[in-house]
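Enquirer: Just one file: target_22.txt, with compact mmCIF, C-alpha atoms and all ligand atoms.
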# COMPACT_ATOMS: atom_id res chain seq x y z
CA MET A 701 -24.18 27.08 17.27
CA LEU A 702 -21.61 26.87 20.03
CA GLU A 703 -18.02 27.77 19.31
CA ASP A 704 -15.93 24.65 18.63
CA ARG A 705 -13.38 24.80 21.42
CA ARG A 706 -11.07 22.08 20.14
CA ARG A 707 -7.67 23.64 19.52
CA ILE A 708 -6.36 24.03 15.99
CA GLN A 709 -2.77 22.80 15.65
CA THR A 710 -2.33 22.91 11.86
CA ALA A 711 -2.77 25.51 9.14
CA VAL A 712 -1.60 26.19 5.59
CA LEU A 713 0.78 28.91 4.50
CA GLY A 714 -0.03 31.93 2.32
CA ASP A 715 -3.66 31.46 1.25
CA ALA A 716 -6.74 29.34 1.87
CA ALA A 717 -6.06 27.00 -1.07
CA SER A 718 -2.40 26.45 -0.21
CA GLU A 719 -0.91 22.96 0.01
CA VAL A 720 1.94 23.99 2.30
CA PRO A 721 1.20 22.67 5.79
CA LEU A 722 2.24 24.26 9.06
CA LEU A 723 2.31 22.75 12.51
CA LEU A 724 2.19 25.09 15.48
CA PRO A 725 4.44 23.98 18.36
CA LEU A 726 2.72 23.41 21.68
CA GLU A 727 5.23 25.25 23.88
CA ALA A 728 5.40 29.03 24.22
CA ILE A 729 9.15 29.26 23.64
CA GLU A 730 8.86 27.33 20.37
CA VAL A 731 5.90 29.45 19.27
CA ASP A 732 8.05 32.50 19.83
CA ALA A 733 10.65 31.06 17.44
CA PHE A 734 7.87 30.05 15.02
CA ARG A 735 6.56 33.65 14.98
CA LYS A 736 10.02 35.02 14.25
CA GLU A 737 10.59 32.47 11.48
CA HIS A 738 7.20 33.29 9.95
CA ALA A 739 7.14 37.08 10.53
CA GLY A 740 5.53 38.35 7.29
CA ASP A 741 3.71 35.03 6.57
CA THR A 742 0.00 34.42 6.79
CA PHE A 743 -1.70 31.30 8.14
CA TRP A 744 -5.02 29.94 6.91
CA CYS A 745 -7.72 27.46 7.92
CA GLY A 746 -6.92 25.59 4.68
CA LEU A 747 -9.56 24.22 2.34
CA LEU A 748 -7.41 21.11 1.92
CA LEU A 749 -7.57 20.65 5.68
CA GLY A 750 -11.35 20.65 5.51
CA GLY A 751 -11.25 24.20 6.88
CA CYS A 752 -13.40 27.26 6.32
CA GLY A 753 -10.71 29.17 4.38
CA GLY A 754 -10.52 31.89 7.04
CA GLN A 755 -7.29 33.50 8.18
CA LEU A 756 -5.73 32.27 11.41
CA THR A 757 -3.53 33.83 14.00
CA THR A 758 -1.24 32.18 16.56
CA LYS A 759 -2.13 32.11 20.25
CA LEU A 760 0.78 31.97 22.65
CA TYR A 761 0.15 30.75 26.19
CA THR A 762 2.60 29.92 28.94
CA ASP A 763 0.10 28.06 31.12
CA ARG A 764 -1.50 25.86 28.45
CA VAL A 765 -1.06 24.54 24.94
CA CYS A 766 -0.49 27.09 22.16
CA HIS A 767 -2.69 26.89 19.06
CA PHE A 768 -3.96 28.63 15.95
CA ALA A 769 -7.19 30.63 16.23
CA HIS A 770 -9.58 32.33 13.81
CA HIS A 771 -9.82 36.09 13.72
CA PRO A 772 -13.14 37.19 15.26
CA ASP A 773 -15.92 37.91 12.77
CA PRO A 774 -16.50 41.57 11.80
CA ASP A 775 -19.46 41.70 14.21
CA GLY A 776 -17.05 40.85 17.03
CA LEU A 777 -18.55 37.41 17.65
CA PRO A 778 -16.38 34.29 17.71
CA HIS A 779 -15.90 32.86 14.22
CA VAL A 780 -17.84 29.65 13.59
CA CYS A 781 -15.81 26.99 11.73
CA GLU A 782 -16.96 23.44 11.12
CA ARG A 783 -13.51 22.05 10.44
CA ARG A 784 -13.39 18.57 11.95
CA ALA A 785 -9.71 17.63 11.88
CA ARG A 786 -7.70 20.01 14.07
CA ASP A 787 -5.02 18.03 15.89
CA VAL A 788 -1.32 17.61 15.07
CA SER A 789 -2.10 14.86 12.56
CA SER A 790 -4.70 16.87 10.65
CA ALA A 791 -2.29 18.00 7.90
CA ASP A 792 -0.51 14.65 7.49
CA HIS A 793 -1.88 14.15 3.96
CA LEU A 794 -0.23 17.44 2.93
CA TYR A 795 3.04 16.45 4.62
CA PHE A 796 2.92 13.12 2.79
CA LYS A 797 2.27 14.75 -0.56
CA ALA A 798 5.13 17.23 -0.11
CA ALA A 799 7.57 14.52 0.99
CA ALA A 800 6.51 12.06 -1.73
CA MET A 801 6.68 14.76 -4.45
CA ALA A 802 10.27 15.59 -3.51
CA TRP A 803 11.17 11.89 -3.24
CA LEU A 804 9.67 10.88 -6.60
CA ALA A 805 10.90 13.97 -8.44
CA GLY A 806 14.41 13.05 -7.28
CA ARG A 807 13.91 9.71 -9.07
CA GLY A 808 12.68 11.30 -12.28
CA GLU A 809 9.12 10.03 -11.82
CA ARG A 810 6.23 12.00 -13.26
CA VAL A 811 3.28 11.62 -10.92
CA ARG A 812 -0.16 13.01 -10.21
CA PHE A 813 -1.50 13.26 -6.67
CA THR A 814 -5.24 13.21 -5.97
CA PHE A 815 -6.94 13.75 -2.63
CA THR A 816 -9.71 11.27 -3.36
CA GLN A 817 -12.69 12.11 -1.20
CA PRO A 818 -15.40 9.46 -0.75
CA ASP A 819 -18.87 10.81 0.11
CA GLY A 820 -19.17 12.27 3.57
CA LEU A 821 -15.53 11.78 4.53
CA PRO A 822 -13.05 14.59 5.11
CA VAL A 823 -10.46 15.58 2.52
CA GLY A 824 -7.18 13.85 3.30
CA SER A 825 -8.80 10.48 4.07
CA LEU A 826 -7.25 9.07 0.88
CA LEU A 827 -4.31 10.14 -1.26
CA ASP A 828 -3.89 8.50 -4.67
CA ILE A 829 -0.60 8.59 -6.52
CA ALA A 830 -0.78 7.94 -10.28
CA PHE A 831 2.22 7.37 -12.54
CA GLU A 832 2.57 8.02 -16.24
CA ARG A 833 4.03 4.54 -16.64
CA GLU A 834 2.42 1.16 -16.01
CA GLY A 835 2.62 -0.29 -12.53
CA ARG A 836 0.85 -0.47 -9.21
CA ALA A 837 -0.19 2.87 -7.81
CA PRO A 838 -0.01 3.60 -4.08
CA ARG A 839 -3.20 4.65 -2.30
CA VAL A 840 -2.49 6.16 1.10
CA HIS A 841 -5.23 5.47 3.66
CA LEU A 842 -5.32 7.91 6.59
CA ASP A 843 -8.90 7.27 7.72
CA PRO A 844 -9.98 4.00 9.38
CA ALA A 845 -13.52 4.61 8.08
CA ILE A 846 -12.37 3.47 4.62
CA THR A 847 -11.65 -0.24 4.22
CA PRO A 848 -8.65 -0.86 1.94
CA GLU A 849 -9.33 -2.72 -1.32
CA TRP A 850 -6.85 -5.63 -1.36
CA ASN A 851 -8.03 -7.37 -4.52
CA GLU A 852 -7.42 -4.50 -6.93
CA GLU A 853 -4.12 -5.40 -8.57
CA ALA A 854 -3.49 -1.91 -9.92
CA ILE A 855 -3.62 -0.32 -6.45
CA GLU A 856 -1.35 -0.82 -3.48
CA PRO A 857 -2.86 0.31 -0.17
CA VAL A 858 -0.44 2.08 2.18
CA LEU A 859 -2.01 2.28 5.64
CA GLY A 860 -1.84 5.05 8.19
CA MET A 861 -1.35 3.96 11.80
CA SER A 862 -5.07 4.23 12.59
CA VAL A 863 -6.06 1.87 9.77
CA PRO A 864 -6.18 -1.79 10.86
CA VAL A 865 -5.01 -4.80 8.87
CA ASP A 866 -5.96 -8.38 9.79
CA ASP A 867 -3.64 -11.37 10.03
CA ASP A 868 -5.24 -13.13 7.06
CA THR A 869 -4.37 -10.19 4.82
CA LEU A 870 -0.79 -10.11 6.14
CA ILE A 871 -0.42 -13.85 5.49
CA ARG A 872 -1.98 -13.75 2.04
CA ARG A 873 -0.09 -10.69 0.82
CA TRP A 874 3.19 -11.50 2.65
CA TYR A 875 3.57 -7.87 3.66
CA VAL A 876 1.67 -4.59 3.85
CA HIS A 877 3.08 -1.07 3.84
CA ARG A 878 2.30 1.47 6.49
CA VAL A 879 3.04 5.15 6.87
CA ARG A 880 3.67 7.07 10.08
CA PHE A 881 4.24 10.72 10.85
CA ASP A 882 6.43 11.91 13.68
CA SER A 883 6.47 15.53 14.80
CA GLN A 884 9.92 16.98 14.27
CA GLY A 885 10.13 20.60 15.31
CA THR A 886 7.38 22.33 13.37
CA SER A 887 7.14 19.63 10.71
CA ARG A 888 6.04 16.03 10.41
CA GLN A 889 8.55 13.43 9.33
CA VAL A 890 7.22 10.69 7.01
CA ARG A 891 8.35 7.11 7.46
CA ILE A 892 7.32 4.00 5.56
CA GLY A 893 6.94 0.70 7.39
CA THR A 894 6.75 -2.86 6.14
CA ALA A 895 4.49 -5.02 8.26
CA ALA A 896 4.45 -8.80 7.90
CA PHE A 897 2.75 -11.56 9.85
CA ALA A 898 4.50 -12.35 13.15
CA ARG A 899 7.26 -9.81 12.50
CA PRO A 900 7.70 -6.34 13.97
CA THR A 901 7.07 -3.53 11.49
CA GLU A 902 10.35 -2.21 10.06
CA TRP A 903 10.55 1.54 9.39
CA PHE A 904 12.43 3.43 6.68
CA GLY A 905 12.82 6.97 5.40
CA LEU A 906 11.41 7.57 1.91
CA ASP A 907 14.96 7.83 0.54
CA ASP A 908 15.53 4.18 1.46
CA CYS A 909 12.42 3.12 -0.51
CA GLU A 910 11.93 2.55 -4.23
CA MET A 911 8.88 2.75 -6.52
CA THR A 912 8.85 -0.24 -8.86
CA ASP A 913 6.26 -1.62 -11.29
CA ASP A 914 5.24 -3.94 -8.43
CA GLY A 915 4.63 -1.01 -6.13
CA LEU A 916 6.44 0.37 -3.15
CA GLN A 917 9.59 -1.50 -2.08
CA THR A 918 11.44 -1.11 1.19
CA PRO A 919 14.65 -2.93 2.15
CA ALA A 920 12.43 -5.26 4.23
CA VAL A 921 10.48 -6.53 1.20
CA ASP A 922 13.46 -8.43 -0.28
CA ARG A 923 14.17 -10.10 3.03
CA ILE A 924 10.55 -11.17 3.48
CA ILE A 925 10.31 -12.58 -0.04
CA ARG A 926 13.58 -14.48 0.37
CA SER A 927 12.49 -16.02 3.67
CA ARG A 928 9.09 -17.02 2.30
CA ARG A 929 10.51 -18.64 -0.82
CA THR A 930 12.58 -21.08 1.19
CA VAL A 931 10.67 -24.36 1.23
CA THR A 932 11.84 -26.87 3.81
CA VAL A 933 11.63 -30.58 3.09
CA PRO A 934 10.15 -32.25 6.19
CA SER A 935 12.54 -34.44 8.09
CA GLY A 936 9.85 -37.11 8.61
CA ALA A 937 9.46 -38.00 4.92
CA SER A 938 11.87 -40.42 3.29
CA PRO A 939 13.73 -39.28 0.15
CA ARG A 940 11.71 -41.76 -1.96
CA GLN A 941 8.39 -40.38 -0.73
CA VAL A 942 9.56 -36.85 -1.40
CA GLU A 943 10.68 -37.89 -4.88
CA ARG A 944 7.32 -39.49 -5.61
CA VAL A 945 5.15 -36.53 -4.56
CA THR A 946 7.51 -34.15 -6.33
CA ALA A 947 7.30 -36.19 -9.53
CA ARG A 948 3.50 -36.12 -9.32
CA ALA A 949 3.61 -32.35 -9.03
CA ILE A 950 6.14 -31.89 -11.83
CA ALA A 951 4.14 -33.84 -14.42
CA PRO A 952 1.22 -31.37 -14.73
CA LEU A 953 3.68 -28.47 -14.53
CA GLU A 954 5.56 -29.84 -17.50
CA SER A 955 2.43 -30.39 -19.52
CA HIS A 956 1.23 -26.87 -18.67
CA ASP A 957 4.64 -25.52 -19.60
CA ALA A 958 4.55 -27.37 -22.94
CA LEU A 959 1.12 -25.90 -23.71
CA VAL A 960 2.25 -22.38 -22.78
CA ARG A 961 5.30 -22.76 -25.04
CA ALA A 962 3.13 -23.96 -27.90
CA LEU A 963 0.81 -21.01 -27.38
CA GLY A 964 3.79 -18.67 -27.21
CA ALA A 965 5.00 -19.99 -30.58
CA GLU A 966 1.53 -19.41 -31.98
CA LEU A 967 1.51 -15.82 -30.71
CA GLU A 968 4.95 -15.27 -32.24
CA ARG A 969 3.75 -16.71 -35.56
CA ARG A 970 0.91 -14.16 -35.41
CA GLN A 971 3.46 -11.44 -34.58
CA LEU A 972 1.78 -10.93 -31.21
CA ARG A 973 -0.87 -8.93 -32.91
CA SER A 974 -4.31 -8.72 -31.43
CA VAL A 975 -6.82 -8.31 -34.23
CA ASP A 976 -10.24 -6.90 -33.39
CA GLY A 977 -12.63 -9.71 -32.72
CA GLU A 978 -9.81 -12.23 -32.34
CA ALA A 979 -9.40 -13.55 -28.82
CA THR A 980 -5.64 -14.10 -29.12
CA ALA A 981 -3.27 -11.78 -27.38
CA ALA A 982 -0.52 -11.35 -24.86
CA ASN A 983 -1.91 -10.04 -21.60
CA LEU A 984 -0.28 -7.20 -19.72
CA ASP A 985 0.61 -9.49 -16.81
CA GLY A 986 2.73 -11.64 -19.12
CA SER A 987 0.21 -14.43 -19.55
CA ALA A 988 -1.23 -15.52 -22.87
CA ARG A 989 -4.82 -15.46 -24.11
CA VAL A 990 -5.64 -17.85 -26.93
CA ALA A 991 -9.05 -18.50 -28.42
CA GLY A 992 -10.57 -16.61 -25.51
CA VAL A 993 -8.86 -18.79 -22.87
CA LYS A 994 -6.42 -17.16 -20.48
CA TRP A 995 -3.26 -19.13 -19.71
CA PRO A 996 -1.94 -17.65 -16.53
CA LEU A 997 1.62 -17.53 -15.26
CA VAL A 998 2.28 -20.28 -12.74
CA ASP A 999 4.00 -20.10 -9.38
CA ALA A 1000 5.75 -23.43 -9.89
CA GLY A 1001 7.43 -23.40 -6.48
CA GLY A 1002 4.04 -22.91 -4.85
CA VAL A 1003 2.61 -25.90 -6.77
CA LEU A 1004 5.50 -28.11 -5.71
CA ALA A 1005 5.29 -27.03 -2.09
CA SER A 1006 1.50 -27.54 -1.96
CA CYS A 1007 1.73 -31.00 -3.53
CA LEU A 1008 4.54 -31.93 -1.16
CA ALA A 1009 2.48 -30.81 1.86
CA GLU A 1010 -0.56 -32.77 0.64
CA GLY A 1011 1.50 -35.87 -0.13
CA VAL A 1012 3.26 -35.84 3.23
CA GLY A 1013 -0.09 -35.16 4.92
CA ARG A 1014 -1.56 -38.39 3.60
CA LEU A 1015 1.35 -40.34 5.08
CA TYR A 1016 1.76 -38.32 8.28
CA PRO A 1017 -1.45 -36.37 8.99
CA ARG A 1018 0.06 -34.66 12.04
CA HIS A 1019 3.22 -33.51 10.30
CA PRO A 1020 3.87 -29.72 10.73
CA LEU A 1021 4.11 -29.31 6.95
CA VAL A 1022 0.39 -30.15 6.69
CA ARG A 1023 -0.52 -27.06 8.71
CA SER A 1024 1.79 -24.77 6.78
CA VAL A 1025 0.28 -22.30 4.36
CA VAL A 1026 2.22 -22.11 1.11
CA ARG A 1027 2.23 -18.59 -0.20
CA ALA A 1028 2.66 -17.85 -3.87
CA TYR A 1029 5.28 -15.55 -5.25
CA GLY A 1030 5.07 -13.67 -8.52
CA GLY A 1031 1.95 -11.65 -7.84
CA LEU A 1032 -1.74 -12.31 -8.28
CA SER A 1033 -1.53 -13.78 -11.80
CA ALA A 1034 1.08 -16.39 -10.82
CA TRP A 1035 -0.94 -17.15 -7.71
CA GLN A 1036 -4.07 -17.76 -9.82
CA GLY A 1037 -1.99 -19.96 -12.11
CA ARG A 1038 -0.78 -21.95 -9.14
CA ASP A 1039 -4.33 -22.61 -7.99
CA LEU A 1040 -5.37 -23.59 -11.50
CA VAL A 1041 -2.56 -26.15 -11.79
CA LEU A 1042 -3.26 -27.40 -8.26
CA ALA A 1043 -6.90 -27.95 -9.23
CA LEU A 1044 -5.71 -30.02 -12.22
CA VAL A 1045 -3.40 -32.06 -9.97
CA ARG A 1046 -6.24 -32.73 -7.54
CA ALA A 1047 -8.69 -33.62 -10.32
CA GLU A 1048 -6.12 -36.03 -11.78
CA ARG A 1049 -5.60 -37.62 -8.37
CA GLY A 1050 -9.35 -37.96 -7.82
CA ARG A 1051 -9.78 -40.12 -10.90
ZN ZN B 1101 -11.86 27.55 9.98
Let me see the file written as structure tokens.

Expert:
Amino acid sequence: MLEDRRRIQTAVLGDAASEVPLLLPLEAIEVDAFRKEHAGDTFWCGLLLGGCGGQLTTKLYTDRVCHFAHHPDPDGLPHVCERRARDVSSADHLYFKAAAMAWLAGRGERVRFTFTQPDGLPVGSLLDIAFEREGRAPRVHLDPAITPEWNEEAIEPVLGMSVPVDDDTLIRRWYVHRVRFDSQGTSRQVRIGTAAFARPTEWFGLDDCEMTDDGLQTPAVDRIIRSRRTVTVPSGASPRQVERVTARAIAPLESHDALVRALGAELERRQLRSVDGEATAANLDGSARVAGVKWPLVDAGGVLASCLAEGVGRLYPRHPLVRSVVRAYGGLSAWQGRDLVLALVRAERGR
């Protein structure tokens, strides 16, 4: 086998199994400083970098890029290493873990990090963060070969810059989080971005972000939610028409609300206990389950806005409101509830 001549820019510190990443500067003068700073340290082709576990040395050049290199084998031949990821970004999963550990520990969170490794893909493609408490768990995607799972409510994908996201997903989810790594001296700085449809991605340091039961929150998330919740009444519709379509939307909401209240009273009477074999319980998402039927939360604003758009559309088919997509707030369960109530409204209208 030929020697792999691609330069190695990252290593781990101390031993082959170490989680402490190192980035070798490209310029000779910086490598000189790096060597002084790390006199007495050892550098390894880390197992968590997909490396061979061999010890590395630093190569200083003034006429080309500096890099790590394996020691020659005892027989004097060049060492053969099948490590695939070698460039400056090849230890980003370790930089993320170190930064996120410090960030979450500072917030008193107890977390477990797992380098989930799907078959045939290098370690570091995925990083799962699990909390002791309930709530959505971030899954960091650093490999475009893995398609994010958007319909799993317990997981929140956070996408590296090489992982694409389509417009439909941005519209449906309102926003998606990204992560980027910028070389800063001999380290990689982690920043979290919030991407939304037709908006530039906004970037924040981890210290500006929060972990909530709903997942990762950046200062941009509040702004996006506020702007999406604002429903504009079309200027073309008369107040009476607006009143009529609104009244038609409110009626099923009220009857649904009355049923949910009645079911809530029933659950309270039963002391919210779920007895084995009895299909009555409070679900974790806040909805109720009675006699085996799930009564979801409802995004009432979404129902009203959808009914308004449909009502106006029948009067003015070319009105801009007809083309607007009304996005639910309140998460997947409220969104499902909205669609359920909308189906009832449409069925009622069809009669
Ligand atoms: Zn190696």

Enquirer: Which residue, A:Ala769, A:Leu713, A:Ile950, A:Ala895, has the smallest gap to ligand ZN 1101 (chain B) when you use only C-alpha atoms and all ligand atoms?

Expert: A:Ala769

Enquirer: Got a sec to check which residues lie within 9 Å of ligand ZN 1101 (chain B), using only C-alpha atoms and all ligand atoms, and send them as an NGL selection string?

Expert: :A and (708 or 744-747 or 750-756 or 769-770 or 779-783)

Enquirer: Measure the distance from CA of Ala958 (chain A) to CA of Gln941 (chain A) in Å and round it to one decimal.

Expert: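 Computing it gives 26.0 Å between the two atoms.
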
Enquirer: Report, in Å to a single decimal, how far apart CA of Glu856 (chain A) and CA of Ala896 (chain A) are.

Expert: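 About the pair CA of Ala896 (chain A) and CA of Glu856 (chain A): they are 15.1 Å apart.
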
Enquirer: Ranking A:Ala800, A:Val998, A:Leu777, A:Gly885 by minimum distance to Leu724 (chain A) and counting all atoms listed in the file, which one comes first?

Expert: A:Gly885

Enquirer: Can you tell me which residues surround Leu804 (chain A) at a distance of at most 10 Å, considering all atoms listed in the file, apart from same-chain residues fewer than 3 positions away, and format the answer as a list in words?

Expert: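 Answer for this query is Ala799, Ala800, Met801, Arg807, Gly808, Glu809, Arg810, Val811, Leu906, Asp907, Glu910 and Met911 of chain A.
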
Enquirer: Which neighbours of region 816-823 of chain A fall inside 7 Å, counting only C-alpha atoms, when residues of the same chain fewer than 3 positions from it are skipped, and could you give them as a PyMOL selection string?

Expert: chain A and resi 748-750+826-828

Enquirer: Counting all atoms listed in the file, what is within 8 Å of Ala830 (chain A), bar same-chain residues fewer than 5 positions away, as a list in words?

Expert: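 Surrounding residues, per the criterion: Val811, Arg812, Phe813, Ala837 and Pro838 of chain A.
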
Enquirer: In terms of the shortest atom-to-atom distance over only C-alpha atoms, which of A:Ile925, A:Pro857, A:Leu916, A:Arg899 is closest to Trp874 (chain A)?

Expert: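 Comparing A:Ile925, A:Pro857, A:Leu916, A:Arg899 against Trp874 (chain A), the winner is A:Ile925.
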
Enquirer: Using only C-alpha atoms, which residues sit within 12 Å of His738 (chain A) once same-chain residues fewer than 2 positions away are excluded, as a count of residues only?

Expert: 18

Enquirer: Taking (-1.5, 21.9, 26.4) in the file's coordinates as the center, which residues reach within 8 Å of it, counting all atoms listed in the file, put as a PyMOL selection string?

Expert: chain A and resi 726-727+763-766

Enquirer: Tell me, in Å to one decimal, how far CA of Met861 (chain A) is from CA of Ala716 (chain A).

Expert: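 Calculated distance between CA of Met861 (chain A) and CA of Ala716 (chain A) is 27.8 Å.
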
Enquirer: Tell me, as a ChimeraX atom specification, which residues lie within 10 Å of Ser790 (chain A), counting only C-alpha atoms; anything in the same chain fewer than 4 positions away does not count.

Expert: /A:708-711,721,723,749-750,784-786,794-795,824,842

Enquirer: So which one's closest to Val1012 (chain A), A:Ile729, A:Val720, A:Val942, A:Val1041? Using only C-alpha atoms, please.

Expert: A:Val942

Enquirer: Between A:Arg706, A:His767, A:Arg878, A:Arg888, which has the minimum distance to Gln917 (chain A) (counting only C-alpha atoms)?

Expert: A:Arg878

Enquirer: For each of A:Thr847, A:Val890, A:Ser825, A:Leu760, take the minimum atom-to-atom distance to Phe796 (chain A), counting all atoms listed in the file, then give the residue where this is smallest.

Expert: A:Val890

Enquirer: Once 4 Å is added on each side, what are the centre and the three edge lengths, in Å to one decimal, of the axis-aligned box enclosing the listed atoms of region 882-890 of chain A? Present them as JSON.

Expert:
{"center_x": 8.1, "center_y": 16.5, "center_z": 11.2, "size_x": 12.1, "size_y": 19.6, "size_z": 16.3}

Enquirer: Just add N, CA and C atoms to region 945-958 of chain A and send it as a compact mmCIF listing (two decimals), keeping the file's coordinate frame.

Expert:
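out.txt was written with the following content:
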# COMPACT_ATOMS: atom_id res chain seq x y z
N VAL A 945 6.15 -37.61 -4.53
CA VAL A 945 5.15 -36.53 -4.56
C VAL A 945 5.65 -35.39 -5.46
N THR A 946 6.98 -35.20 -5.47
CA THR A 946 7.51 -34.15 -6.33
C THR A 946 7.27 -34.49 -7.80
N ALA A 947 7.50 -35.76 -8.15
CA ALA A 947 7.30 -36.19 -9.53
C ALA A 947 5.84 -36.00 -9.95
N ARG A 948 4.93 -36.29 -9.00
CA ARG A 948 3.50 -36.12 -9.32
C ARG A 948 3.17 -34.65 -9.55
N ALA A 949 3.88 -33.78 -8.85
CA ALA A 949 3.61 -32.35 -9.03
C ALA A 949 4.25 -31.83 -10.32
N ILE A 950 5.41 -32.41 -10.66
CA ILE A 950 6.14 -31.89 -11.83
C ILE A 950 5.42 -32.24 -13.13
N ALA A 951 4.77 -33.41 -13.18
CA ALA A 951 4.14 -33.84 -14.42
C ALA A 951 3.14 -32.81 -14.98
N PRO A 952 2.16 -32.37 -14.17
CA PRO A 952 1.22 -31.37 -14.73
C PRO A 952 1.91 -30.03 -15.02
N LEU A 953 2.96 -29.71 -14.25
CA LEU A 953 3.68 -28.47 -14.53
C LEU A 953 4.31 -28.53 -15.91
N GLU A 954 4.91 -29.70 -16.20
CA GLU A 954 5.56 -29.84 -17.50
C GLU A 954 4.56 -29.78 -18.63
N SER A 955 3.40 -30.42 -18.42
CA SER A 955 2.43 -30.39 -19.52
C SER A 955 1.87 -28.97 -19.69
N HIS A 956 1.69 -28.26 -18.56
CA HIS A 956 1.23 -26.87 -18.67
C HIS A 956 2.28 -26.03 -19.37
N ASP A 957 3.53 -26.26 -19.00
CA ASP A 957 4.64 -25.52 -19.60
C ASP A 957 4.70 -25.77 -21.11
N ALA A 958 4.51 -27.04 -21.51
CA ALA A 958 4.55 -27.37 -22.94
C ALA A 958 3.43 -26.63 -23.69
